[in-house]
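First up is the structure itself, then whatever we jot down about it.
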Amino acid sequence: MSTAVLSLGSNLGDRLAYLRLAVDGLRDCLVAVSSVYETAPWGVTDQPDFLNAVCIVADPARDHWAWLRAGQALEREAERVREQRWGPRTLDVDVVSVDDVRSADPELRLPHPGTAERATVLIPWLEIHPDAEVPGVGRADALLTALPPADRDGVRKRTDLSL
């Protein structure tokens with residue numbers, strides 16, 4: 001069985017609909033999905049806020065490359081256009097981790113770069129998996145605690161929204 005953690009984000013158009021598109025596209029292998037959180041953009045800050053969620057998926061027939069391709073297919077379905085690194089997007093699907101696989105391949109780095117420093121990933125992940133670990137880095141709860149309070153406070157749960 002291959003188990004992956006996927007981070008979902010959207011900050012263009014109907015953000016919630018794009019997150020729902022991703023979750024619906026993963027329903028056959030969905031184990032858990034977090035609440036939806038709203039966060040300020042990271043990297044390029046002159047853009048709309050993001051809606052974010054994390055899901056855990058499992059499938060015996062998929063390896064880490066198959067999870068990447070599944071995420072890319074969902075992004076294409078959402079008509080994502082890659083014009084600017086860290087720029088606005090209809091849907092972003094990041095493969096955060098797949099079991100204990102580590103990869104330095106430029107196309108698929110695992111665990112996903114920056115996961116340990118991103119409350120936007122750690123908070124929703126811990127919601128659905130309190131014992132989560134970033135492979136080779138450490139427990140997600142300890143990594144989250146080590147972040148500046150402003151980073152944690154910037155992740156706002158949108159309890160009025162659901163996937």
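Within each chain, counting starts at residue 1; across the structure tokens, chains are named A, B, ... in the order shown, with ligands numbered 1 upward in that order.
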Checklist entry - Got a sec to tell me which of region 22-136 of chain A DSSP assigns to alpha helix (DSSP H), as a ChimeraX atom specification? => result /A:22-25,64-77,119-128
Output of the above residues as a PDB file, in the first residue's frame, restricted to C-alpha atoms:
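Saved file selection-v4.pdb follows:
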```
ATOM      1  CA  ALA A  22      -9.190  17.932  -6.297  1.00  0.00           C
ATOM      2  CA  VAL A  23     -10.862  16.064  -3.435  1.00  0.00           C
ATOM      3  CA  ASP A  24     -13.527  14.660  -5.759  1.00  0.00           C
ATOM      4  CA  GLY A  25     -10.796  13.502  -8.143  1.00  0.00           C
ATOM      5  CA  HIS A  64       5.405   8.399  -5.606  1.00  0.00           C
ATOM      6  CA  TRP A  65       5.587   9.149  -9.343  1.00  0.00           C
ATOM      7  CA  ALA A  66       1.963   8.115  -9.816  1.00  0.00           C
ATOM      8  CA  TRP A  67       0.889  10.476  -7.019  1.00  0.00           C
ATOM      9  CA  LEU A  68       2.766  13.308  -8.758  1.00  0.00           C
ATOM     10  CA  ARG A  69       1.040  12.541 -12.070  1.00  0.00           C
ATOM     11  CA  ALA A  70      -2.351  12.366 -10.328  1.00  0.00           C
ATOM     12  CA  GLY A  71      -1.774  15.822  -8.822  1.00  0.00           C
ATOM     13  CA  GLN A  72      -0.649  17.228 -12.166  1.00  0.00           C
ATOM     14  CA  ALA A  73      -3.758  15.800 -13.862  1.00  0.00           C
ATOM     15  CA  LEU A  74      -5.964  17.549 -11.300  1.00  0.00           C
ATOM     16  CA  GLU A  75      -4.112  20.818 -11.884  1.00  0.00           C
ATOM     17  CA  ARG A  76      -4.697  20.471 -15.646  1.00  0.00           C
ATOM     18  CA  GLU A  77      -8.379  19.772 -15.020  1.00  0.00           C
ATOM     19  CA  ALA A 119       2.371  26.171   8.884  1.00  0.00           C
ATOM     20  CA  THR A 120       0.005  26.154   5.883  1.00  0.00           C
ATOM     21  CA  VAL A 121       0.849  22.463   5.454  1.00  0.00           C
ATOM     22  CA  LEU A 122       1.639  21.391   9.011  1.00  0.00           C
ATOM     23  CA  ILE A 123      -1.557  22.672  10.664  1.00  0.00           C
ATOM     24  CA  PRO A 124      -4.054  20.945   8.349  1.00  0.00           C
ATOM     25  CA  TRP A 125      -1.890  17.807   8.242  1.00  0.00           C
ATOM     26  CA  LEU A 126      -1.819  17.573  12.031  1.00  0.00           C
ATOM     27  CA  GLU A 127      -5.581  18.020  12.112  1.00  0.00           C
ATOM     28  CA  ILE A 128      -6.057  14.735  10.261  1.00  0.00           C
TER      29      ILE A 128
END
```
Next on the checklist: Based on the backbone DSSP call, show me all residues of region 25-146 of chain A assigned strand (DSSP E or B), as a PyMOL selection string.
Outcome noted: chain A and resi 30-33+37-39+50-59+92-98+103-105+108-110+133-134+138-139
Generate a file of the selected residues that holds C-alpha atoms, formatted as a tab-separated table (two decimals), in the first residue's frame.
```
chain	number	residue	atom	x	y	z
A	30	LEU	CA	-9.09	9.29	-0.06
A	31	VAL	CA	-8.31	8.33	3.54
A	32	ALA	CA	-8.76	11.74	5.20
A	33	VAL	CA	-9.13	15.39	4.31
A	37	TYR	CA	-7.74	27.07	5.94
A	38	GLU	CA	-7.10	30.54	4.55
A	39	THR	CA	-3.57	31.89	4.39
A	50	PHE	CA	-5.07	31.03	-0.57
A	51	LEU	CA	-7.50	28.41	0.57
A	52	ASN	CA	-5.54	25.32	1.65
A	53	ALA	CA	-6.25	21.78	2.74
A	54	VAL	CA	-4.30	18.57	3.19
A	55	CYS	CA	-5.44	15.09	2.30
A	56	ILE	CA	-4.11	11.62	2.93
A	57	VAL	CA	-4.57	9.15	0.10
A	58	ALA	CA	-3.71	5.47	-0.27
A	59	ASP	CA	-3.57	3.09	-3.21
A	92	ASP	CA	-1.82	23.60	-6.66
A	93	VAL	CA	-1.37	19.96	-5.66
A	94	ASP	CA	1.92	19.26	-3.89
A	95	VAL	CA	3.09	15.78	-2.99
A	96	VAL	CA	4.26	16.38	0.57
A	97	SER	CA	5.33	12.82	1.34
A	98	VAL	CA	4.84	9.26	0.16
A	103	SER	CA	13.83	11.86	-3.55
A	104	ALA	CA	16.21	14.56	-4.72
A	105	ASP	CA	14.92	14.38	-8.29
A	108	LEU	CA	9.76	15.29	-7.43
A	109	ARG	CA	11.63	16.17	-4.27
A	110	LEU	CA	10.45	14.24	-1.22
A	133	GLU	CA	6.17	13.00	10.60
A	134	VAL	CA	8.07	14.72	7.84
A	138	GLY	CA	10.95	15.15	12.40
A	139	ARG	CA	7.52	15.16	13.97
```
Next on the checklist: I'd like the interatomic distance between CA of Glu79 (chain A) and CA of Gly114 (chain A), to a tenth of an Å.
Outcome noted: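 Pair CA of Glu79 (chain A) / CA of Gly114 (chain A) returns 25.1 Å.
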Checklist entry - When you draw a straight line from CA of Leu147 (chain A) to CA of Glu117 (chain A), how long is it in Å? => result 6.8 Å
Checklist entry - Which of these residues is nearest to Asn11 (chain A), using only C-alpha atoms: A:Asp63, A:Asp100, A:Asp49, A:Asp28? => result A:Asp49
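Each of A:Leu91, A:Val44, A:Ala142, A:Leu26 was compared to Gly13 (chain A) using only C-alpha atoms, and A:Leu91 turns out to be the nearest.
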Item to check | CA of Pro88 (chain A) to CA of Trp42 (chain A), distance in Å rounded to a single decimal | outcome: 10.3 Å
